[in-house]
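Below is one structure, written out as C-alpha cells; comments come after it.
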Amino acid sequence: MKLPKYEPSSLATLPPTPDPAEYDISPETREAQADWLAIRSRLKMEYLLQYNHPNRQGLIKDPALTRWTYARSANVYPNFRPTAKTSLLGALVEIGPLFFWYYVFKTDRDKKEKLIQEGKLDLTFNISY
C-alpha cells in the first residue's frame, strides 16, 4: 500500500525538523542522567513499599514534599525582594477593589437619588433605599 504524498496546507505547515545537535549529549551528561534516574527509581521503590505495606501505621513521610511545603509557606521572605513592582501590585490588589466598589456604589446611589428627586422612580412597597 502506497501512502499519498503529504502536501502541507496553507493553514498548517510541517513542523520544523529536530536539530540533531540538541539530542547528542556528552557521556558525562548521560552518566549524570543515569545516576539521577537510579536515585529517583530507588526513592520511588521505597515509597511504593511503604505505601503498599499491609500493616502500615500512620502517614508516610515524604522528604521532598516536606521540603516543598516548607519552601512554599514558611520560607517565603528570604526569597522575596520588595521592589517598586511588587509594592505597586500589592497596593493595586489591596486598595484597588475598595476604590472600584466605592465608585460603583456611589454612582448607583447618585443615579437613584437623581431619579427620586425628579419623581421618576416608583418607591411603592420599597422598604430600603
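Identifiers for the C-alpha cells are assigned positionally: chains receive A, B, ... in sequence, residues are indexed from 1 per chain, and ligands are indexed from 1 in the order shown.
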
Closest pair table for segment 37-100 of chain A residues within 12 Å of segment 105-120 of chain A, only C-alpha atoms, as a tab-separated table:
residue	atom	partner	partner_atom	distance
A:Leu98	CA	A:Phe105	CA	10.7
A:Phe99	CA	A:Phe105	CA	10.1
A:Phe100	CA	A:Phe105	CA	8.8

One number please: atom CA of Glu46 of chain A to atom CA of Gly58 of chain A, in Å, one decimal. 16.2 Å

Restricting the calculation to only C-alpha atoms, which member of A:Ile95, A:Leu123, A:Leu48, A:Ala32 is positioned closest to Asp62 of chain A?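 Distance minimum relative to Asp62 of chain A lands on A:Leu48.
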
Write out as a VMD selection string all residues of segment 18-123 of chain A that backbone DSSP assigns to alpha helix (DSSP H). chain A and resid 20 to 23 27 to 51 63 to 69 84 to 118
